[in-house]
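To start, the structure under review is shown below, and the notes come after it.
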Amino acid sequence: MHTTYFELYRMRTHRHWLRQKLVAFAKTHGIKAAVREFGCSRNTVRKWLRRHVPGKPSSLQEHSRRPRRSPRRIPSGLEGQIVKLRHQTGFGAERLQREFALPCSHNAIARVLRQHHLLRPRKKKPATKKLLRALKRNWPLFSQLSADTKYLQDIPHYWPQMNRLHLPRFQYTVREPVSGACFTGYADELSKSYATLLATQLSAHLAAHGVNLTTLVWQTDNGSEFQVNQHHQGLPATVRALGSDHRFIPPKRYTWQSDVETVHRLVEDEFFDRETFSSPQDFWAKITTYWLYFNLVRPNRGKEWQSPLQILNAKAPALAGALIHWLPLNLSQPHHPDLPPPLHRGHDLPSFP
């Protein structure tokens, strides 16, 4: 099928070539033949013949169709003021118009911003997460630990086994954001005692392998298991007594705990939704294997496909090895084999430290 001038004209990258062909054909065969050949009007052929200057290809370029006079155009002084205010405040068009009572519509302000290339595209969530990962990559190792708890009784595949074999109902998770190393404990209840016990054990483990606890900050949400009781006992008081600091995230700032929340999703998808247990001993053997795999072998996509062990070997070889060889704790045991016999002071919290 023969292609018309209009159809070729819509191909923006070939317009100059099309006009050259049109002019050359019209000069050789005439205007009427060019009209039939290119499927355009006689006025179109005459226009390009009139504009064509031999030896000057730029003569066949489009002329600006901008009107010579625009009575409603924004004055140059107001346009400069809009640009200046945008640089100073970063406000959008509607806010600029409202905050500074500019004598023009927000559509006109948006047009000025667009003409001066001052419109910034909204950051997409993946791009924001990528920037945050790049920032966290430069943090000092073990400058922060993010702690959280995961409810296990809402996992359909795990729930029947949990009831039948009396398996743990809660996972207490602590993650180091730079390396991605995880330290976990399991219990049947959500309790300040268990959170404090895990913090005590982990602090002793880190200190024994050369981590400076005075530069370490524990970050938790505002859950009841991380609060202090009326006697000022709990995880915050415990880690401060051991030399570290503690901070709560602001209310409803769930992304502040994204490092540990990501692990909760992974362990559900990769372990609790897939594994079947024959006994409590089988559960502890498999969960221990999974966390050793996670810390020592599993590459992390968010950390350039490196495992926590590889990151520690690269950034702090002295800390690598036994530091992340962590076995999940059974926090529900009355006397954990790694702990001295506790002297309980009440039913809620042990006396440690």
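By convention here, the chains of the structure tokens are called A, B, ... in the order presented, each chain's residues are numbered starting at 1, and ligands are numbered starting at 1 in the order presented.
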
request  = Write out as a ChimeraX atom specification all residues of stretch 117-286 of chain A that backbone DSSP assigns to alpha helix (DSSP H).
outcome  = /A:125-137,159-165,192-208,235-241,258-267,280-286

Restricted to C-alpha atoms, what would the selected residues look like written as a PDB file, in the first residue's frame?
ATOM      1  CA  LYS A 125       9.609   3.358  46.386  1.00  0.00           C
ATOM      2  CA  PRO A 126      12.248   1.039  44.849  1.00  0.00           C
ATOM      3  CA  ALA A 127      14.515   4.027  44.176  1.00  0.00           C
ATOM      4  CA  THR A 128      14.076   5.284  47.746  1.00  0.00           C
ATOM      5  CA  LYS A 129      14.894   1.849  49.157  1.00  0.00           C
ATOM      6  CA  LYS A 130      17.980   1.692  46.962  1.00  0.00           C
ATOM      7  CA  LEU A 131      19.206   5.033  48.313  1.00  0.00           C
ATOM      8  CA  LEU A 132      18.603   3.909  51.899  1.00  0.00           C
ATOM      9  CA  ARG A 133      20.536   0.692  51.317  1.00  0.00           C
ATOM     10  CA  ALA A 134      23.444   2.706  49.925  1.00  0.00           C
ATOM     11  CA  LEU A 135      23.472   4.912  53.046  1.00  0.00           C
ATOM     12  CA  LYS A 136      23.278   1.971  55.462  1.00  0.00           C
ATOM     13  CA  ARG A 137      26.120   0.263  53.626  1.00  0.00           C
ATOM     14  CA  TRP A 159      -0.046 -23.464  63.119  1.00  0.00           C
ATOM     15  CA  PRO A 160      -1.259 -27.132  63.228  1.00  0.00           C
ATOM     16  CA  GLN A 161       2.261 -28.345  63.936  1.00  0.00           C
ATOM     17  CA  MET A 162       2.725 -25.691  66.592  1.00  0.00           C
ATOM     18  CA  ASN A 163      -0.394 -26.857  68.460  1.00  0.00           C
ATOM     19  CA  ARG A 164       0.313 -30.579  68.043  1.00  0.00           C
ATOM     20  CA  LEU A 165       3.994 -30.480  69.047  1.00  0.00           C
ATOM     21  CA  LYS A 192       9.484  -8.426  78.681  1.00  0.00           C
ATOM     22  CA  SER A 193      11.379 -11.250  80.351  1.00  0.00           C
ATOM     23  CA  TYR A 194      12.149 -13.013  77.087  1.00  0.00           C
ATOM     24  CA  ALA A 195      13.112  -9.805  75.281  1.00  0.00           C
ATOM     25  CA  THR A 196      15.421  -8.898  78.178  1.00  0.00           C
ATOM     26  CA  LEU A 197      16.915 -12.379  78.299  1.00  0.00           C
ATOM     27  CA  LEU A 198      17.733 -12.302  74.578  1.00  0.00           C
ATOM     28  CA  ALA A 199      19.278  -8.830  74.903  1.00  0.00           C
ATOM     29  CA  THR A 200      21.418  -9.970  77.818  1.00  0.00           C
ATOM     30  CA  GLN A 201      22.636 -13.092  76.060  1.00  0.00           C
ATOM     31  CA  LEU A 202      23.330 -11.309  72.799  1.00  0.00           C
ATOM     32  CA  SER A 203      25.197  -8.456  74.498  1.00  0.00           C
ATOM     33  CA  ALA A 204      27.416 -10.946  76.310  1.00  0.00           C
ATOM     34  CA  HIS A 205      28.002 -12.829  73.050  1.00  0.00           C
ATOM     35  CA  LEU A 206      28.965  -9.651  71.156  1.00  0.00           C
ATOM     36  CA  ALA A 207      31.233  -8.384  73.919  1.00  0.00           C
ATOM     37  CA  ALA A 208      33.004 -11.750  74.098  1.00  0.00           C
ATOM     38  CA  LEU A 235      15.154  -4.270  77.588  1.00  0.00           C
ATOM     39  CA  PRO A 236      15.948  -0.508  77.478  1.00  0.00           C
ATOM     40  CA  ALA A 237      17.236  -0.482  81.071  1.00  0.00           C
ATOM     41  CA  THR A 238      19.140  -3.737  80.539  1.00  0.00           C
ATOM     42  CA  VAL A 239      21.081  -2.658  77.462  1.00  0.00           C
ATOM     43  CA  ARG A 240      21.867   0.714  79.057  1.00  0.00           C
ATOM     44  CA  ALA A 241      23.204  -1.050  82.132  1.00  0.00           C
ATOM     45  CA  SER A 258      12.419  -2.458  57.567  1.00  0.00           C
ATOM     46  CA  ASP A 259      15.653  -4.401  58.056  1.00  0.00           C
ATOM     47  CA  VAL A 260      14.198  -6.765  60.632  1.00  0.00           C
ATOM     48  CA  GLU A 261      10.706  -6.818  59.071  1.00  0.00           C
ATOM     49  CA  THR A 262      12.252  -8.034  55.808  1.00  0.00           C
ATOM     50  CA  VAL A 263      13.786 -10.966  57.665  1.00  0.00           C
ATOM     51  CA  HIS A 264      10.389 -11.857  59.141  1.00  0.00           C
ATOM     52  CA  ARG A 265       8.934 -12.122  55.659  1.00  0.00           C
ATOM     53  CA  LEU A 266      11.876 -14.191  54.422  1.00  0.00           C
ATOM     54  CA  VAL A 267      11.829 -16.700  57.277  1.00  0.00           C
ATOM     55  CA  PRO A 280      10.273 -30.480  68.984  1.00  0.00           C
ATOM     56  CA  GLN A 281      13.840 -31.733  68.587  1.00  0.00           C
ATOM     57  CA  ASP A 282      13.343 -31.829  64.819  1.00  0.00           C
ATOM     58  CA  PHE A 283      12.109 -28.211  64.910  1.00  0.00           C
ATOM     59  CA  TRP A 284      15.155 -26.992  66.833  1.00  0.00           C
ATOM     60  CA  ALA A 285      17.535 -28.857  64.536  1.00  0.00           C
ATOM     61  CA  LYS A 286      15.939 -27.391  61.403  1.00  0.00           C
TER      62      LYS A 286
END

To test your reading of the structure, identify every residue in stretch 39-190 of chain A that backbone DSSP assigns to strand (DSSP E), and report it as a compact mmCIF listing (two decimals) with N, CA and C atoms, in the first residue's frame.
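Below is the file that was written, out_17.txt:
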# COMPACT_ATOMS: atom_id res chain seq x y z
N GLN A 144 24.29 -0.31 65.31
CA GLN A 144 22.86 -0.38 65.61
C GLN A 144 22.40 -1.82 65.51
N LEU A 145 21.46 -2.18 66.37
CA LEU A 145 20.75 -3.46 66.30
C LEU A 145 19.26 -3.17 66.28
N SER A 146 18.55 -3.74 65.32
CA SER A 146 17.10 -3.56 65.23
C SER A 146 16.43 -4.82 65.78
N ALA A 147 15.60 -4.65 66.79
CA ALA A 147 14.94 -5.79 67.45
C ALA A 147 13.44 -5.72 67.24
N ASP A 148 12.84 -6.89 67.02
CA ASP A 148 11.39 -6.96 66.82
C ASP A 148 10.95 -8.39 67.12
N THR A 149 9.63 -8.59 67.21
CA THR A 149 9.08 -9.92 67.44
C THR A 149 8.15 -10.30 66.31
N LYS A 150 8.09 -11.59 66.01
CA LYS A 150 7.24 -12.09 64.95
C LYS A 150 6.24 -13.09 65.54
N TYR A 151 4.95 -12.89 65.22
CA TYR A 151 3.92 -13.83 65.63
C TYR A 151 3.96 -15.03 64.68
N PHE A 170 6.30 -17.43 69.28
CA PHE A 170 6.85 -16.11 68.98
C PHE A 170 8.33 -16.24 68.64
N GLN A 171 8.75 -15.42 67.72
CA GLN A 171 10.18 -15.34 67.37
C GLN A 171 10.67 -13.95 67.76
N TYR A 172 11.72 -13.89 68.56
CA TYR A 172 12.38 -12.64 68.93
C TYR A 172 13.60 -12.50 68.03
N THR A 173 13.63 -11.41 67.25
CA THR A 173 14.65 -11.25 66.22
C THR A 173 15.44 -9.97 66.46
N VAL A 174 16.76 -10.07 66.34
CA VAL A 174 17.65 -8.92 66.38
C VAL A 174 18.51 -8.98 65.13
N ARG A 175 18.55 -7.87 64.38
CA ARG A 175 19.33 -7.86 63.14
C ARG A 175 20.29 -6.68 63.11
N CYS A 182 21.61 -12.04 61.68
CA CYS A 182 20.42 -12.15 62.53
C CYS A 182 20.71 -13.01 63.75
N PHE A 183 20.12 -12.61 64.89
CA PHE A 183 20.25 -13.33 66.15
C PHE A 183 18.83 -13.52 66.70
N THR A 184 18.43 -14.77 66.90
CA THR A 184 17.03 -15.05 67.20
C THR A 184 16.89 -15.85 68.48
N GLY A 185 15.68 -15.77 69.03
CA GLY A 185 15.26 -16.60 70.15
C GLY A 185 13.79 -16.90 70.00
N TYR A 186 13.30 -17.99 70.61
CA TYR A 186 11.91 -18.42 70.46
C TYR A 186 11.30 -18.66 71.83
N ALA A 187 10.01 -18.34 71.93
CA ALA A 187 9.32 -18.49 73.21
C ALA A 187 7.84 -18.72 72.96

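The protein and nucleic acid residues lying at most 10 Å from A:Val35 are Thr4, Tyr5, Leu22, Phe25, Ala26, Ser41, Arg42, Asn43, Thr44 and Val45 of chain A, with only C-alpha atoms considered and sequence neighbours fewer than 6 positions away removed.
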
Put those residues in a file: all heavy atoms, as a tab-separated table (two decimals), in the first residue's frame.
chain	number	residue	atom	x	y	z
A	4	THR	N	1.19	7.75	2.38
A	4	THR	CA	0.92	9.15	2.08
A	4	THR	C	1.90	10.06	2.80
A	4	THR	O	2.62	9.65	3.72
A	4	THR	CB	-0.51	9.52	2.49
A	4	THR	OG1	-0.62	9.38	3.91
A	4	THR	CG2	-1.52	8.59	1.82
A	5	TYR	N	1.88	11.33	2.38
A	5	TYR	CA	2.73	12.34	3.01
A	5	TYR	C	2.41	12.47	4.49
A	5	TYR	O	3.29	12.57	5.34
A	5	TYR	CB	2.53	13.66	2.28
A	5	TYR	CG	3.29	14.82	2.90
A	5	TYR	CD1	4.61	15.10	2.53
A	5	TYR	CD2	2.68	15.65	3.85
A	5	TYR	CE1	5.30	16.16	3.10
A	5	TYR	CE2	3.36	16.70	4.42
A	5	TYR	CZ	4.67	16.96	4.03
A	5	TYR	OH	5.35	18.00	4.59
A	22	LEU	N	10.23	15.47	-1.39
A	22	LEU	CA	9.07	16.16	-1.97
A	22	LEU	C	9.51	17.28	-2.90
A	22	LEU	O	9.01	17.41	-4.03
A	22	LEU	CB	8.19	16.70	-0.85
A	22	LEU	CG	6.97	17.53	-1.26
A	22	LEU	CD1	5.98	16.67	-2.02
A	22	LEU	CD2	6.29	18.15	-0.04
A	25	PHE	N	11.21	15.85	-6.11
A	25	PHE	CA	10.24	15.25	-7.02
A	25	PHE	C	9.42	16.33	-7.71
A	25	PHE	O	9.15	16.24	-8.93
A	25	PHE	CB	9.34	14.30	-6.25
A	25	PHE	CG	8.47	13.44	-7.11
A	25	PHE	CD1	8.91	12.19	-7.52
A	25	PHE	CD2	7.23	13.88	-7.54
A	25	PHE	CE1	8.12	11.39	-8.33
A	25	PHE	CE2	6.43	13.10	-8.36
A	25	PHE	CZ	6.88	11.84	-8.76
A	26	ALA	N	9.01	17.37	-6.98
A	26	ALA	CA	8.19	18.43	-7.56
A	26	ALA	C	8.98	19.22	-8.60
A	26	ALA	O	8.43	19.63	-9.64
A	26	ALA	CB	7.68	19.36	-6.46
A	41	SER	N	-1.56	17.99	-0.33
A	41	SER	CA	-2.21	19.07	-1.06
A	41	SER	C	-1.20	19.87	-1.88
A	41	SER	O	0.01	19.80	-1.63
A	41	SER	CB	-2.93	20.00	-0.08
A	41	SER	OG	-1.98	20.68	0.73
A	42	ARG	N	-1.72	20.63	-2.87
A	42	ARG	CA	-0.85	21.49	-3.68
A	42	ARG	C	-0.21	22.59	-2.84
A	42	ARG	O	0.92	22.99	-3.08
A	42	ARG	CB	-1.66	22.10	-4.82
A	42	ARG	CG	-2.02	21.10	-5.92
A	42	ARG	CD	-2.92	21.73	-6.95
A	42	ARG	NE	-4.23	22.06	-6.37
A	42	ARG	CZ	-5.22	22.68	-7.03
A	42	ARG	NH1	-5.03	23.04	-8.29
A	42	ARG	NH2	-6.37	22.93	-6.45
A	43	ASN	N	-0.97	23.07	-1.82
A	43	ASN	CA	-0.41	24.13	-0.97
A	43	ASN	C	0.82	23.64	-0.20
A	43	ASN	O	1.77	24.39	0.02
A	43	ASN	CB	-1.46	24.64	0.00
A	43	ASN	CG	-2.53	25.46	-0.68
A	43	ASN	OD1	-2.29	26.02	-1.77
A	43	ASN	ND2	-3.70	25.55	-0.08
A	44	THR	N	0.79	22.38	0.19
A	44	THR	CA	1.94	21.82	0.89
A	44	THR	C	3.16	21.80	-0.02
A	44	THR	O	4.27	22.17	0.38
A	44	THR	CB	1.63	20.41	1.40
A	44	THR	OG1	0.52	20.46	2.31
A	44	THR	CG2	2.83	19.80	2.11
A	45	VAL	N	2.97	21.36	-1.26
A	45	VAL	CA	4.08	21.31	-2.21
A	45	VAL	C	4.61	22.71	-2.49
A	45	VAL	O	5.83	22.95	-2.51
A	45	VAL	CB	3.66	20.62	-3.52
A	45	VAL	CG1	4.81	20.59	-4.51
A	45	VAL	CG2	3.15	19.21	-3.24

key: Exercise: A:Ile311 partners within 9 Å, only C-alpha atoms, chain neighbours under 4 positions left out, as a VMD selection string   = chain A and resid 178 to 180 303 306 to 307 315 to 316 320

Keeping only N, CA, C and O atoms, write the selected residues to a file as a compact mmCIF listing (two decimals), in the first residue's frame.
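Output below, filename out.txt:
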# COMPACT_ATOMS: atom_id res chain seq x y z
N VAL A 178 24.00 -3.47 58.74
CA VAL A 178 25.08 -3.37 57.75
C VAL A 178 25.41 -4.74 57.16
O VAL A 178 25.44 -4.93 55.94
N SER A 179 25.64 -5.72 58.01
CA SER A 179 25.98 -7.06 57.53
C SER A 179 24.75 -7.90 57.25
O SER A 179 24.81 -8.85 56.47
N GLY A 180 23.63 -7.58 57.90
CA GLY A 180 22.42 -8.38 57.76
C GLY A 180 22.38 -9.58 58.67
O GLY A 180 21.47 -10.41 58.55
N LYS A 303 22.13 -6.58 49.52
CA LYS A 303 23.51 -6.26 49.92
C LYS A 303 24.49 -6.78 48.87
O LYS A 303 25.51 -7.39 49.20
N GLN A 306 25.74 -10.63 48.76
CA GLN A 306 26.74 -11.10 49.72
C GLN A 306 26.05 -11.63 50.97
O GLN A 306 25.01 -11.13 51.38
N SER A 307 26.64 -12.63 51.58
CA SER A 307 26.14 -13.15 52.84
C SER A 307 26.69 -12.30 53.99
O SER A 307 27.69 -11.58 53.82
N LYS A 315 34.78 -6.25 55.80
CA LYS A 315 34.82 -5.01 56.56
C LYS A 315 35.50 -5.13 57.91
O LYS A 315 36.10 -4.17 58.40
N ALA A 316 35.37 -6.27 58.55
CA ALA A 316 35.97 -6.45 59.88
C ALA A 316 36.36 -7.91 60.04
O ALA A 316 35.65 -8.69 60.70
N ALA A 320 34.65 -11.58 62.20
CA ALA A 320 33.98 -12.64 61.45
C ALA A 320 34.19 -13.99 62.13
O ALA A 320 35.05 -14.17 62.98

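The two atoms in question, atom CA of A:Arg114 and atom CA of A:Glu79, are spaced 11.8 Å apart.
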
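The shell of residues at most 7 Å from A:Leu296, with only C-alpha atoms counted and near chain neighbours (fewer than 4 positions) removed, consists of Leu292, Ser307, Pro308 and Leu309 of chain A.
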
Please produce a file of the residues just selected, as a tab-separated table (two decimals), in the first residue's frame, where the atoms kept are N, CA and C atoms.
chain	number	residue	atom	x	y	z
A	292	LEU	N	21.89	-20.73	60.61
A	292	LEU	CA	23.30	-20.84	60.24
A	292	LEU	C	23.48	-20.62	58.74
A	307	SER	N	26.64	-12.63	51.58
A	307	SER	CA	26.14	-13.15	52.84
A	307	SER	C	26.69	-12.30	53.99
A	308	PRO	N	26.07	-12.35	55.18
A	308	PRO	CA	26.63	-11.62	56.33
A	308	PRO	C	28.09	-11.98	56.61
A	309	LEU	N	28.44	-13.25	56.46
A	309	LEU	CA	29.82	-13.66	56.70
A	309	LEU	C	30.78	-12.99	55.71

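We find atom CA of A:Arg98 and atom CA of A:Leu119 to be spaced 18.0 Å apart.
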
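Residue neighbourhood of stretch 54-57 of chain A, excluding near-sequence residues (fewer than 6 positions): A:His16, A:Trp17, A:Arg19, A:Gln20, A:Val23, A:Ala24, A:Lys27, A:Trp48, at 12 Å, using only C-alpha atoms.
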